[in-house]
Structure formats: structure tokens, C-alpha cells
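S.K.: Quick one: the structure is below, and I'll ask about it shortly.
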Amino acid sequence: MINKFWLKIKLKLKIGFNFGVGRSHGKITVFHRGGSSKKTINIIDFFRRINSHGFIFKIIKTSLFTSFLGFIIYENGLSNYILLSDKVNINSIIYSGSFYIKRKFFLGDSLPLGDIGLFSLINNIELNPFKGSVYARSAGLSAILSSKKDKKVLLKLKSGWNLVISNFCLCSLGLVSNSLHKFYNYKKAGIIRSLGFRPKVRGVAMNPIDHPHGGGEGKKSPPSSARSPWGWLTKGTPSKSKKYQIVLKKKLKLLRF
């Protein structure tokens with residue numbers, strides 16, 4: 001009975017998916033992309049506002065996501081895929097919802113940021129309420145909830161950035177699963193080609209039309225300052241505009257975190 005139910009759901013929660021080739025009207029728009037094999041993408045619930053408990057029925061791994069995916073069946077009969085937190089196993093009971101419940105929180109539970117204690121490790125974070133999770137979704141990633149004030153929350157991301165968002169945004173407790181993914185060995189170039197990545201070439205080896213470093217005689221002819229393919233200065237020059245940095249500092253001062 002369970003196997004028949006699983007087969008029906010499995011067909012409904014998958015879509016045929018083809019990677020883009022990195023070109024628009026024959027022109028390269030994204031470098032080093034193309035040539036991937038056909039894939040099916042799993043429909044993942046990044047919202048998780050069901051307000052119900054569910055148990056993990058199955059754990060799978062796909063090439064499109066670095067973390068493990070869990071197939072969860074809720075008490076009200078709904079079911080979907082979710083990004084798993086670390087140390088969540090088959091038959092684990094998980095809560096997904098936007099209302100506070102009087103029980104102990106466990107790893108993998110999805111809750112509003114306002115209900116979570118300070119200095120907790122969280123993942124799968126929404127930037128705006130009801131928009132779906134955006135931050136900390138890759139394998140082994142997490143953020144730290146630093147402080148709370150006036151329905152706002154300060155998060156510290158792995159990149160070092162501080163993020164101020166509403167405490168009504170949802171997140172999941174714990175780290176994202178499959179934290180050993182960074183040690184995975186792809187074994188051969190063909191596997192990476194099938195994932196949709198093309199070889200990377202040095203700018204010096206290109207023609208002048210393809211890169212600012214291109215042209216000249218032999219290897220030793222790059223310009224005096226290193227540049228990107230679009231002509232921006234790289235290696236030491238900040239890419240963020242000063243105006244944006246000033247606005248961010250003013251916001252943090254107003255909130256007085």
C-alpha cells in the first residue's frame with residue numbers, strides 16, 4: 001500500500017528540466033555553461049507554513065541540490081519534499097508552521113525567527129515573509145541569530161555579512177544536511193560536463209575580442225591591472241558601491257544592534 005502511494009506522489013512531485021546552455025540568440029550570456037544531460041527536478045517546499053507535524057518517509061539525493069532531500073508526510077495528508085537539516089533521519093517527527101507551539105523544538109523544525117532563541121544555528125531562511133526561503137540552503141551552511149529588537153532580527157551569515165530582516169520570516173533549525181559534500185571527488189571531467197559546466201580558460205589564452213587579457217605574443221602579455229571579461233578592475237578593488245555600504249551602515253545605526 002505504501003509503495004503504491006509513494007509511486008503516485010513521486011510522479012506528481014517531479015518535473016522534466018533542461019539546463020540552459022548559457023546563450024541567448026546565439027550569444028554567450030553566461031560563461032562556462034552548457035552541454036548538460038536531461039534531468040528531472042524535484043518540487044521542493046521552500047515555504048513550509050502548513051502548521052502541522054509530519055514524519056520523514058524517505059531521504060533522497062539529487063544532482064541539482066548539494067544537500068539531502070526528505071519526503072515528508074504531514075498529519076493532514078499533505079506531502080512534499082523539503083531540504084533536510086543535519087541529524088534528521090527517517091521517521092523523525094518535524095513541525096512546519098508559522099504559529100508558536102508549546103513544545104520543545106527539534107532539529108529540522110520550521111518556525112518564525114521571533115520564536116527561536118538567540119545564538120541558534122539556523123538555515124533555509126526567508127528574506128521576506130511568505131516569499132520562500134533564500135539564504136543558507138547549500139550543504140553544511142547555517143547562519144547565527146545574533147540579536148532581536150522591535151520585530152527585527154539580526155543574522156550573521158557564513159560570508160561575514162550581517163542581515164536585518166523581519167522576525168516573521170521562517171527558518172529551519174540546525175545546519176543543512178550533507179556537510180561532507182565539499183570533500184566529494186567527482187573522479188573525472190565527464191561527470192562535471194554532464195552537470196552543465198564547460199571548461200574554464202585563462203583570459204591570457206583568449207583573443208582580444210573575448211577578454212581584456214587576450215591577444216599579444218605568447219603568455220606574458222596581460223594588461224598592467226587585472227580585469228574581468230567585462231572590463232572591471234579585479235584583485236583588490238571592491239565591487240560593492242560605496243553608496244550601498246553607506247545605506248547599510250545607517251540602517252544598522254538606526255536599529256542600534
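Quick note on naming: the chains in the C-alpha cells go A, B, ... in the order shown, residues restart at 1 in each chain, and ligands are numbered from 1 in order of appearance.
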Taking 4 positions as the minimum chain separation for residues in the same chain, which residues sit within 7 Å of segment 193-204 of chain A when counting only C-alpha atoms? Answer as an mmCIF file with C-alpha atoms, in the first residue's frame.

M.R.:
data_model
loop_
_atom_site.group_PDB
_atom_site.id
_atom_site.type_symbol
_atom_site.label_atom_id
_atom_site.label_comp_id
_atom_site.auth_asym_id
_atom_site.auth_seq_id
_atom_site.Cartn_x
_atom_site.Cartn_y
_atom_site.Cartn_z
ATOM 1 C CA PHE A 19 19.630 23.284 -18.164
ATOM 2 C CA HIS A 32 31.274 28.119 -18.830
ATOM 3 C CA ARG A 33 27.727 26.694 -19.023
ATOM 4 C CA GLY A 34 26.042 24.201 -21.345
ATOM 5 C CA GLY A 35 26.070 20.597 -22.520
ATOM 6 C CA SER A 36 24.225 19.062 -19.559
ATOM 7 C CA SER A 37 22.200 15.863 -19.671
ATOM 8 C CA ALA A 189 35.737 15.674 -16.101
ATOM 9 C CA HIS A 211 38.693 39.007 -22.888
ATOM 10 C CA HIS A 213 43.706 39.994 -21.244
ATOM 11 C CA GLY A 214 43.565 38.409 -24.716
ATOM 12 C CA LYS A 219 51.767 34.147 -22.355
ATOM 13 C CA PRO A 222 48.329 40.725 -19.750
#

S.K.: Would you pick out the contacts of Arg227 of chain A at 9 Å or less, using only C-alpha atoms, so that residues sharing its chain but fewer than 4 positions from it are not included, and give the list as a list in words?

M.R.: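 Counting only C-alpha atoms, the residues come to His211, Pro212, His213, Pro223, Gly231, Trp232, Leu233, Thr234 and Lys235 of chain A.
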
S.K.: Can I get the selected residues back with N, CA and C atoms, as a JSON list (two decimals), in the first residue's frame?

M.R.:
[["chain", "number", "residue", "atom", "x", "y", "z"],
["A", 211, "HIS", "N", 38.29, 38.64, -24.26],
["A", 211, "HIS", "CA", 38.69, 39.01, -22.89],
["A", 211, "HIS", "C", 39.68, 40.18, -22.94],
["A", 212, "PRO", "N", 39.66, 41.06, -21.94],
["A", 212, "PRO", "CA", 40.62, 42.17, -21.91],
["A", 212, "PRO", "C", 42.08, 41.72, -21.85],
["A", 213, "HIS", "N", 42.33, 40.51, -21.33],
["A", 213, "HIS", "CA", 43.71, 39.99, -21.24],
["A", 213, "HIS", "C", 44.18, 39.34, -22.55],
["A", 223, "PRO", "N", 47.38, 42.96, -19.32],
["A", 223, "PRO", "CA", 47.49, 44.39, -19.02],
["A", 223, "PRO", "C", 48.10, 44.62, -17.64],
["A", 231, "GLY", "N", 35.65, 44.06, -18.30],
["A", 231, "GLY", "CA", 36.50, 45.23, -18.18],
["A", 231, "GLY", "C", 36.57, 45.85, -16.79],
["A", 232, "TRP", "N", 35.95, 45.22, -15.77],
["A", 232, "TRP", "CA", 36.02, 45.77, -14.42],
["A", 232, "TRP", "C", 37.36, 45.42, -13.80],
["A", 233, "LEU", "N", 37.83, 46.29, -12.92],
["A", 233, "LEU", "CA", 39.06, 46.01, -12.18],
["A", 233, "LEU", "C", 38.81, 44.92, -11.15],
["A", 234, "THR", "N", 39.71, 43.96, -11.08],
["A", 234, "THR", "CA", 39.60, 42.89, -10.08],
["A", 234, "THR", "C", 40.86, 42.88, -9.23],
["A", 235, "LYS", "N", 40.96, 41.89, -8.31],
["A", 235, "LYS", "CA", 42.12, 41.72, -7.43],
["A", 235, "LYS", "C", 42.38, 42.95, -6.57]]

S.K.: What's the separation between atom CA of Ile72 of chain A and atom CA of Lys104 of chain A, in Å to one decimal place?

M.R.: 19.8 Å

S.K.: If we count only C-alpha atoms and set the cut-off at 10 Å, which residues sit around Asn80 of chain A, ignoring sequence neighbours fewer than 2 positions away in its own chain? Please answer as an MDAnalysis selection string.

M.R.: chainID A and resid 9:10 12:13 42:45 48 69:74 78 82

S.K.: Residues at most 12 Å from Val88 of chain A, counting only C-alpha atoms, excluding those fewer than 6 positions away in the same chain, as a list in words?

M.R.: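 Residues meeting the cut-off are Phe55, Ile56, Phe57, Lys58, Ile59, Phe68, Leu69, Gly70, Phe71, Ile72, Ile82, Ile94, Phe106, Leu107, Gly108, Asp109, Ser172, Leu173, Gly174, Leu175, Val176, Ser177 and Asn178 of chain A.
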
S.K.: I'd like the neighbourhood of Lys39 of chain A as a ChimeraX atom specification, where a residue qualifies if any of its atoms comes within 10 Å (using only C-alpha atoms), though same-chain residues fewer than 4 positions away should be ignored.

M.R.: /A:14-19,62-64,195

S.K.: Enumerate the residues of segment 70-257 of chain A with a DSSP assignment of strand (DSSP E), computed from the backbone, and present them as a ChimeraX atom specification.

M.R.: /A:70-74,79-83,93-96,110-112,121-123,125-126,133-135,143-149,152-156,162-166,170-173

S.K.: Can you pull out every residue within 9 Å of segment 127-139 of chain A, counting only C-alpha atoms, but drop anything in the same chain fewer than 3 positions away, and send it as a ChimeraX atom specification?

M.R.: /A:45-49,65-68,83,122-124,142-143,157-158,165-171,175-182

S.K.: Hey, what's within 6 Å of Ile144 of chain A if we count only C-alpha atoms and toss same-chain stuff fewer than 3 positions away? As a CSV table (one decimal) with N, CA and C atoms, in the first residue's frame, please?

M.R.:
chain,number,residue,atom,x,y,z
A,119,PHE,N,21.4,33.1,19.4
A,119,PHE,CA,22.6,32.3,19.1
A,119,PHE,C,22.3,30.9,18.7
A,120,SER,N,21.2,30.7,18.1
A,120,SER,CA,20.8,29.4,17.5
A,120,SER,C,21.4,29.3,16.1
A,121,LEU,N,21.7,28.1,15.6
A,121,LEU,CA,22.1,27.9,14.2
A,121,LEU,C,20.9,27.6,13.4
A,155,LEU,N,21.0,38.7,11.7
A,155,LEU,CA,21.6,37.4,11.4
A,155,LEU,C,23.0,37.6,11.0
A,156,LYS,N,23.9,36.7,11.4
A,156,LYS,CA,25.2,36.7,10.9
A,156,LYS,C,25.4,35.5,9.9

S.K.: If DSSP is run on the backbone, what residues of segment 35-234 of chain A are alpha helix (DSSP H)? A reply as a PyMOL selection string would be ideal.

M.R.: chain A and resi 189-194

S.K.: Rounded to one decimal place, report the atom CA of Pro238 of chain A-atom CA of Ile28 of chain A distance in Å.

M.R.: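 Atom CA of Ile28 of chain A lies at a distance of 25.8 Å from atom CA of Pro238 of chain A.
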